[in-house]
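Engineer: One structure, pasted below without further comment.
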Amino acid sequence: MNITTILFYLIAACILGAGILAVTSTKIFRAAIWLLFSLVSVAALYFWMQVEFIAAIQIVVYVGGIVVLIIFSIFLTQQSGKEMPKPRATKTISSLAAALFGFLFTCNLIKHYSFESAIGKPFDSSIHTIGIQMLSTQEHGYILPFEVISMLLLAAMIGCIVIAMKKESTQ
Amino acid sequence: MSESPLIPILIVSTALFFIGMFGLFTRRNMITMLMAIELMLNSVNINFVAFNKYLFPDKLNGLFFTLFIIAIAAAEAAVAIAIIINLYRSHTSIDVEDASEMKF
């Protein structure tokens with residue numbers, strides 16, 4: 001039980017605790033803040049795994065983008081201090097049973113699967129390597145998904161404007 | 001660390017996925033359902049990064065999948081929030097039970 005393991009369990013407790021509070025809190029604004037803490041803890045887990053670029057992207061996109069967007073939409077659509085109605089008890093119990101069953105089933109599968117560990121090989125996730133491979137047109141390059149995803153982001157941007165635009169002619 | 005920490009990471013991501021699923025089942029507010037979906041997407045990202053780092057460290061494919069999933073999640077959240085705001089304008093409520101025109 002060294003310091004790395006203790007740090008991992010601390011991060012895992014933060015992720016799961018904040019996640020549980022994010023889906024059970026009755027005030028919607030508090031749920032959004034707990035989601036923020038959960039996403040920051042996931043970024044901490046990426047730092048723990050020494051994939052710094054993914055951790056930075058996680059903080060920039062999720063914490064700086066998506067959570068801020070969610071908080072804005074909470075402000076636009078409802079009173080943030082108001083309590084949400086609690087779900088029915090039967091629904092809570094059956095969803096809890098379904099989630100618990102799925103969790104235990106998947107854990108059972110993970111425990112009994114023997115992963116072929118590859119400790120010896122070096123893991124090079126520097127930004128230089130990622131950038132070279134992402135824009136490469138060679139065999140393992142990702143230039144085509146990169147271009148497709150840029151088209152998707154453009155389409156999503158135009159789609160958001162069109163969907164959320166007020167229709168003047170119908171009023 | 002002597003042994004690979006892959007199994008604990010997988011258990012954490014499984015727990016996060018089913019927390020998100022529980023939230024998706026119990027919540028009736030659209031914004032909170034969107035938050036539950038974000039939690040599920042994050043658990044998938046943790047899985048991709050962990051498999052890449054501990055099973056195939058000589059490749060980078062898991063990292064690229066994670067990057068593309070994050071980009072798609074951002075696009076999905078933006079479109080979903082546009083739809084939610086549009087729904088709020090027409091129904092003055094974002095509860096999924098209130099939008100029942102297309103229910104058979």
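The way I read the labels, and the way they are meant: chains A, B, ... in the order of the structure tokens, residue 1 as the first residue of every chain, and ligand 1 as the first ligand shown, with later ones counted on from there.
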Contacts of Ser90 (chain B) at 12 Å or less, counting only C-alpha atoms, minus same-chain residues fewer than 3 places along, as a short mmCIF file (atom, residue, chain, number, x, y, z; two decimals) with C-alpha atoms, in the first residue's frame?
Structural biologist:
```
data_model
loop_
_atom_site.label_atom_id
_atom_site.label_comp_id
_atom_site.auth_asym_id
_atom_site.auth_seq_id
_atom_site.Cartn_x
_atom_site.Cartn_y
_atom_site.Cartn_z
CA THR A 77 -35.01 27.37 -18.04
CA ALA A 164 -32.70 27.70 -30.87
CA LYS A 166 -36.84 32.40 -32.59
CA LYS A 167 -39.25 32.05 -35.46
CA ILE B 83 -33.43 21.37 -28.14
CA ILE B 84 -34.13 21.77 -24.39
CA ILE B 85 -34.37 25.57 -24.69
CA ASN B 86 -36.67 25.23 -27.69
CA LEU B 87 -38.85 22.78 -25.74
CA SER B 93 -41.31 23.00 -18.74
CA ILE B 94 -38.39 20.65 -19.37
CA ASP B 98 -44.90 17.01 -20.06
CA ALA B 99 -43.79 16.53 -23.67
CA GLU B 101 -47.58 14.89 -28.04
#
```
Engineer: Please, which residues in chain B fall within 6 Å of chain A when counting only C-alpha atoms, and what is the closest atom pair and distance in Å to one decimal for each, ordered by chain then residue number, as a Markdown table?
Structural biologist:
```
| residue | atom | partner | partner_atom | distance |
| --- | --- | --- | --- | --- |
| B:Phe18 | CA | A:Ala99 | CA | 5.3 |
| B:Phe22 | CA | A:Ser95 | CA | 5.7 |
| B:Gly23 | CA | A:Val23 | CA | 4.9 |
| B:Leu55 | CA | A:Ala118 | CA | 5.3 |
| B:Pro57 | CA | A:Phe123 | CA | 4.7 |
| B:Asp58 | CA | A:Phe123 | CA | 5.9 |
| B:Ala75 | CA | A:Ala156 | CA | 5.7 |
| B:Val79 | CA | A:Cys160 | CA | 5.3 |
| B:Ala82 | CA | A:Ala164 | CA | 5.2 |
| B:Asn86 | CA | A:Ala164 | CA | 5.7 |
```
Engineer: Just to confirm, what's the straight-line distance from CA of Gly64 (chain A) to CA of Asn45 (chain B) in Å (one decimal)?
Structural biologist: 17.6 Å
Engineer: Compile the contact shell of Val96 (chain B) as a PDB file with N, CA and C atoms, in the first residue's frame: residues with an atom at most 12 Å away, counting only C-alpha atoms, same-chain residues fewer than 2 positions apart removed.
Structural biologist:
```pdb
ATOM      1  N   LEU B  24     -30.091   8.275 -15.138  1.00  0.00           N
ATOM      2  CA  LEU B  24     -30.924   8.359 -16.343  1.00  0.00           C
ATOM      3  C   LEU B  24     -32.287   7.718 -16.105  1.00  0.00           C
ATOM      4  N   PHE B  25     -32.336   6.662 -15.254  1.00  0.00           N
ATOM      5  CA  PHE B  25     -33.617   6.013 -14.992  1.00  0.00           C
ATOM      6  C   PHE B  25     -34.483   6.833 -14.047  1.00  0.00           C
ATOM      7  N   THR B  26     -33.877   7.452 -13.018  1.00  0.00           N
ATOM      8  CA  THR B  26     -34.713   8.076 -11.998  1.00  0.00           C
ATOM      9  C   THR B  26     -35.070   9.512 -12.328  1.00  0.00           C
ATOM     10  N   ARG B  27     -34.189  10.248 -13.015  1.00  0.00           N
ATOM     11  CA  ARG B  27     -34.465  11.660 -13.252  1.00  0.00           C
ATOM     12  C   ARG B  27     -35.548  11.842 -14.302  1.00  0.00           C
ATOM     13  N   ARG B  28     -36.366  12.879 -14.140  1.00  0.00           N
ATOM     14  CA  ARG B  28     -37.356  13.216 -15.137  1.00  0.00           C
ATOM     15  C   ARG B  28     -37.113  14.595 -15.735  1.00  0.00           C
ATOM     16  N   ASN B  29     -36.053  15.277 -15.289  1.00  0.00           N
ATOM     17  CA  ASN B  29     -35.734  16.599 -15.795  1.00  0.00           C
ATOM     18  C   ASN B  29     -34.688  16.443 -16.894  1.00  0.00           C
ATOM     19  N   MET B  30     -34.883  17.125 -18.028  1.00  0.00           N
ATOM     20  CA  MET B  30     -34.013  16.857 -19.182  1.00  0.00           C
ATOM     21  C   MET B  30     -32.567  17.244 -18.932  1.00  0.00           C
ATOM     22  N   ILE B  31     -32.330  18.336 -18.206  1.00  0.00           N
ATOM     23  CA  ILE B  31     -30.942  18.761 -17.983  1.00  0.00           C
ATOM     24  C   ILE B  31     -30.219  17.745 -17.104  1.00  0.00           C
ATOM     25  N   THR B  32     -30.897  17.224 -16.085  1.00  0.00           N
ATOM     26  CA  THR B  32     -30.235  16.239 -15.231  1.00  0.00           C
ATOM     27  C   THR B  32     -30.022  14.922 -15.962  1.00  0.00           C
ATOM     28  N   MET B  33     -30.926  14.580 -16.908  1.00  0.00           N
ATOM     29  CA  MET B  33     -30.688  13.383 -17.711  1.00  0.00           C
ATOM     30  C   MET B  33     -29.453  13.577 -18.585  1.00  0.00           C
ATOM     31  N   LEU B  34     -29.287  14.808 -19.101  1.00  0.00           N
ATOM     32  CA  LEU B  34     -28.087  15.096 -19.896  1.00  0.00           C
ATOM     33  C   LEU B  34     -26.823  14.947 -19.054  1.00  0.00           C
ATOM     34  N   ILE B  84     -33.473  21.561 -25.684  1.00  0.00           N
ATOM     35  CA  ILE B  84     -34.132  21.770 -24.394  1.00  0.00           C
ATOM     36  C   ILE B  84     -34.685  23.198 -24.312  1.00  0.00           C
ATOM     37  N   LEU B  87     -37.727  23.449 -26.403  1.00  0.00           N
ATOM     38  CA  LEU B  87     -38.848  22.776 -25.736  1.00  0.00           C
ATOM     39  C   LEU B  87     -39.402  23.638 -24.609  1.00  0.00           C
ATOM     40  N   TYR B  88     -38.496  24.313 -23.879  1.00  0.00           N
ATOM     41  CA  TYR B  88     -38.951  25.167 -22.780  1.00  0.00           C
ATOM     42  C   TYR B  88     -39.796  26.316 -23.313  1.00  0.00           C
ATOM     43  N   HIS B  91     -43.291  24.588 -24.206  1.00  0.00           N
ATOM     44  CA  HIS B  91     -44.048  23.908 -23.149  1.00  0.00           C
ATOM     45  C   HIS B  91     -43.908  24.584 -21.784  1.00  0.00           C
ATOM     46  N   THR B  92     -42.995  25.565 -21.634  1.00  0.00           N
ATOM     47  CA  THR B  92     -42.610  26.189 -20.351  1.00  0.00           C
ATOM     48  C   THR B  92     -42.316  25.144 -19.277  1.00  0.00           C
ATOM     49  N   SER B  93     -41.706  24.043 -19.685  1.00  0.00           N
ATOM     50  CA  SER B  93     -41.310  23.004 -18.736  1.00  0.00           C
ATOM     51  C   SER B  93     -40.322  22.109 -19.457  1.00  0.00           C
ATOM     52  N   ILE B  94     -39.314  21.574 -18.726  1.00  0.00           N
ATOM     53  CA  ILE B  94     -38.390  20.647 -19.373  1.00  0.00           C
ATOM     54  C   ILE B  94     -38.508  19.268 -18.757  1.00  0.00           C
ATOM     55  N   ASP B  98     -44.016  15.989 -19.526  1.00  0.00           N
ATOM     56  CA  ASP B  98     -44.901  17.012 -20.063  1.00  0.00           C
ATOM     57  C   ASP B  98     -44.890  17.057 -21.577  1.00  0.00           C
ATOM     58  N   ALA B  99     -43.866  16.531 -22.204  1.00  0.00           N
ATOM     59  CA  ALA B  99     -43.794  16.531 -23.665  1.00  0.00           C
ATOM     60  C   ALA B  99     -44.294  15.193 -24.179  1.00  0.00           C
ATOM     61  N   SER B 100     -45.609  15.080 -24.328  1.00  0.00           N
ATOM     62  CA  SER B 100     -46.179  13.768 -24.659  1.00  0.00           C
ATOM     63  C   SER B 100     -47.015  13.810 -25.925  1.00  0.00           C
ATOM     64  N   GLU B 101     -46.764  14.800 -26.823  1.00  0.00           N
ATOM     65  CA  GLU B 101     -47.577  14.888 -28.035  1.00  0.00           C
ATOM     66  C   GLU B 101     -47.344  13.708 -28.967  1.00  0.00           C
ATOM     67  N   MET B 102     -46.106  13.219 -29.032  1.00  0.00           N
ATOM     68  CA  MET B 102     -45.786  12.160 -29.982  1.00  0.00           C
ATOM     69  C   MET B 102     -45.883  10.790 -29.342  1.00  0.00           C
ATOM     70  N   LYS B 103     -46.456  10.736 -28.117  1.00  0.00           N
ATOM     71  CA  LYS B 103     -46.570   9.447 -27.438  1.00  0.00           C
ATOM     72  C   LYS B 103     -47.741   8.694 -28.022  1.00  0.00           C
TER      73      LYS B 103
END
```
Engineer: Between B:Ile72, B:Ala50, B:Ile37, B:Leu16, single out the one closest to Cys14 (chain A), counting only C-alpha atoms.
Structural biologist: B:Leu16
Engineer: For Leu6 (chain B), find every residue with an atom within 7 Å (counting only C-alpha atoms), except residues of its own chain fewer than 2 positions away, and show them as a ChimeraX atom specification.
Structural biologist: /B:4,8-10,50,54
Engineer: Chain B: which residues are alpha helix (DSSP H) by DSSP, as a PDB file with C-alpha atoms, in the first residue's frame?
Structural biologist:
```pdb
ATOM      1  CA  LEU B   6      -6.078  -1.997 -14.625  1.00  0.00           C
ATOM      2  CA  ILE B   7      -8.704  -3.973 -12.692  1.00  0.00           C
ATOM      3  CA  PRO B   8      -9.418  -1.237 -10.057  1.00  0.00           C
ATOM      4  CA  ILE B   9      -9.671   1.377 -12.818  1.00  0.00           C
ATOM      5  CA  LEU B  10     -12.131  -0.800 -14.721  1.00  0.00           C
ATOM      6  CA  ILE B  11     -14.221  -1.286 -11.571  1.00  0.00           C
ATOM      7  CA  VAL B  12     -14.291   2.486 -10.964  1.00  0.00           C
ATOM      8  CA  SER B  13     -15.396   3.147 -14.532  1.00  0.00           C
ATOM      9  CA  THR B  14     -18.061   0.425 -14.287  1.00  0.00           C
ATOM     10  CA  ALA B  15     -19.393   1.995 -11.097  1.00  0.00           C
ATOM     11  CA  LEU B  16     -19.451   5.428 -12.762  1.00  0.00           C
ATOM     12  CA  PHE B  17     -21.327   4.011 -15.773  1.00  0.00           C
ATOM     13  CA  PHE B  18     -24.016   2.457 -13.592  1.00  0.00           C
ATOM     14  CA  ILE B  19     -24.314   5.606 -11.485  1.00  0.00           C
ATOM     15  CA  GLY B  20     -25.055   7.427 -14.738  1.00  0.00           C
ATOM     16  CA  MET B  21     -27.549   4.746 -15.716  1.00  0.00           C
ATOM     17  CA  PHE B  22     -29.285   5.041 -12.348  1.00  0.00           C
ATOM     18  CA  GLY B  23     -29.549   8.808 -12.838  1.00  0.00           C
ATOM     19  CA  LEU B  24     -30.924   8.359 -16.343  1.00  0.00           C
ATOM     20  CA  PHE B  25     -33.617   6.013 -14.992  1.00  0.00           C
ATOM     21  CA  THR B  26     -34.713   8.076 -11.998  1.00  0.00           C
ATOM     22  CA  MET B  30     -34.013  16.857 -19.182  1.00  0.00           C
ATOM     23  CA  ILE B  31     -30.942  18.761 -17.983  1.00  0.00           C
ATOM     24  CA  THR B  32     -30.235  16.239 -15.231  1.00  0.00           C
ATOM     25  CA  MET B  33     -30.688  13.383 -17.711  1.00  0.00           C
ATOM     26  CA  LEU B  34     -28.087  15.096 -19.896  1.00  0.00           C
ATOM     27  CA  MET B  35     -25.730  15.230 -16.893  1.00  0.00           C
ATOM     28  CA  ALA B  36     -26.196  11.476 -16.351  1.00  0.00           C
ATOM     29  CA  ILE B  37     -25.280  10.864 -19.994  1.00  0.00           C
ATOM     30  CA  GLU B  38     -22.105  12.925 -19.515  1.00  0.00           C
ATOM     31  CA  LEU B  39     -21.123  10.690 -16.590  1.00  0.00           C
ATOM     32  CA  MET B  40     -21.613   7.578 -18.738  1.00  0.00           C
ATOM     33  CA  LEU B  41     -19.483   9.043 -21.560  1.00  0.00           C
ATOM     34  CA  ASN B  42     -16.738   9.810 -19.043  1.00  0.00           C
ATOM     35  CA  SER B  43     -16.681   6.235 -17.798  1.00  0.00           C
ATOM     36  CA  VAL B  44     -16.212   5.044 -21.389  1.00  0.00           C
ATOM     37  CA  ASN B  45     -13.321   7.491 -21.808  1.00  0.00           C
ATOM     38  CA  ILE B  46     -11.623   6.170 -18.657  1.00  0.00           C
ATOM     39  CA  ASN B  47     -11.907   2.648 -20.080  1.00  0.00           C
ATOM     40  CA  PHE B  48     -10.327   3.617 -23.403  1.00  0.00           C
ATOM     41  CA  VAL B  49      -7.383   5.376 -21.753  1.00  0.00           C
ATOM     42  CA  ALA B  50      -6.794   2.562 -19.239  1.00  0.00           C
ATOM     43  CA  PHE B  51      -6.862  -0.183 -21.885  1.00  0.00           C
ATOM     44  CA  ASN B  52      -4.481   1.814 -24.047  1.00  0.00           C
ATOM     45  CA  LYS B  53      -2.025   2.512 -21.243  1.00  0.00           C
ATOM     46  CA  TYR B  54      -1.922  -0.889 -19.574  1.00  0.00           C
ATOM     47  CA  ASN B  61      -5.506   4.393 -30.606  1.00  0.00           C
ATOM     48  CA  GLY B  62      -7.359   4.589 -27.279  1.00  0.00           C
ATOM     49  CA  LEU B  63      -6.234   8.171 -26.751  1.00  0.00           C
ATOM     50  CA  PHE B  64      -7.577   9.160 -30.176  1.00  0.00           C
ATOM     51  CA  PHE B  65     -10.891   7.476 -29.480  1.00  0.00           C
ATOM     52  CA  THR B  66     -11.076   9.430 -26.219  1.00  0.00           C
ATOM     53  CA  LEU B  67     -10.357  12.699 -28.014  1.00  0.00           C
ATOM     54  CA  PHE B  68     -13.049  12.034 -30.614  1.00  0.00           C
ATOM     55  CA  ILE B  69     -15.569  10.962 -27.957  1.00  0.00           C
ATOM     56  CA  ILE B  70     -14.947  14.223 -26.068  1.00  0.00           C
ATOM     57  CA  ALA B  71     -15.511  16.215 -29.278  1.00  0.00           C
ATOM     58  CA  ILE B  72     -18.732  14.327 -30.033  1.00  0.00           C
ATOM     59  CA  ALA B  73     -19.899  14.785 -26.418  1.00  0.00           C
ATOM     60  CA  ALA B  74     -19.410  18.542 -26.737  1.00  0.00           C
ATOM     61  CA  ALA B  75     -21.412  18.636 -29.983  1.00  0.00           C
ATOM     62  CA  GLU B  76     -24.113  16.435 -28.442  1.00  0.00           C
ATOM     63  CA  ALA B  77     -24.422  18.611 -25.334  1.00  0.00           C
ATOM     64  CA  ALA B  78     -24.715  21.764 -27.453  1.00  0.00           C
ATOM     65  CA  VAL B  79     -27.459  20.310 -29.676  1.00  0.00           C
ATOM     66  CA  ALA B  80     -29.300  18.819 -26.681  1.00  0.00           C
ATOM     67  CA  ILE B  81     -29.315  22.132 -24.852  1.00  0.00           C
ATOM     68  CA  ALA B  82     -30.602  23.914 -27.972  1.00  0.00           C
ATOM     69  CA  ILE B  83     -33.433  21.373 -28.143  1.00  0.00           C
ATOM     70  CA  ILE B  84     -34.132  21.770 -24.394  1.00  0.00           C
ATOM     71  CA  ILE B  85     -34.366  25.566 -24.694  1.00  0.00           C
ATOM     72  CA  ASN B  86     -36.673  25.230 -27.690  1.00  0.00           C
ATOM     73  CA  LEU B  87     -38.848  22.776 -25.736  1.00  0.00           C
ATOM     74  CA  TYR B  88     -38.951  25.167 -22.780  1.00  0.00           C
ATOM     75  CA  ARG B  89     -40.228  27.922 -25.082  1.00  0.00           C
ATOM     76  CA  SER B  90     -43.122  25.833 -26.349  1.00  0.00           C
ATOM     77  CA  HIS B  91     -44.048  23.908 -23.149  1.00  0.00           C
TER      78      HIS B  91
END
```
Engineer: What is the CA of Leu10 (chain A)-CA of Trp48 (chain A) distance in Å, reported with one decimal?
Structural biologist: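 A separation of 11.1 Å between them.
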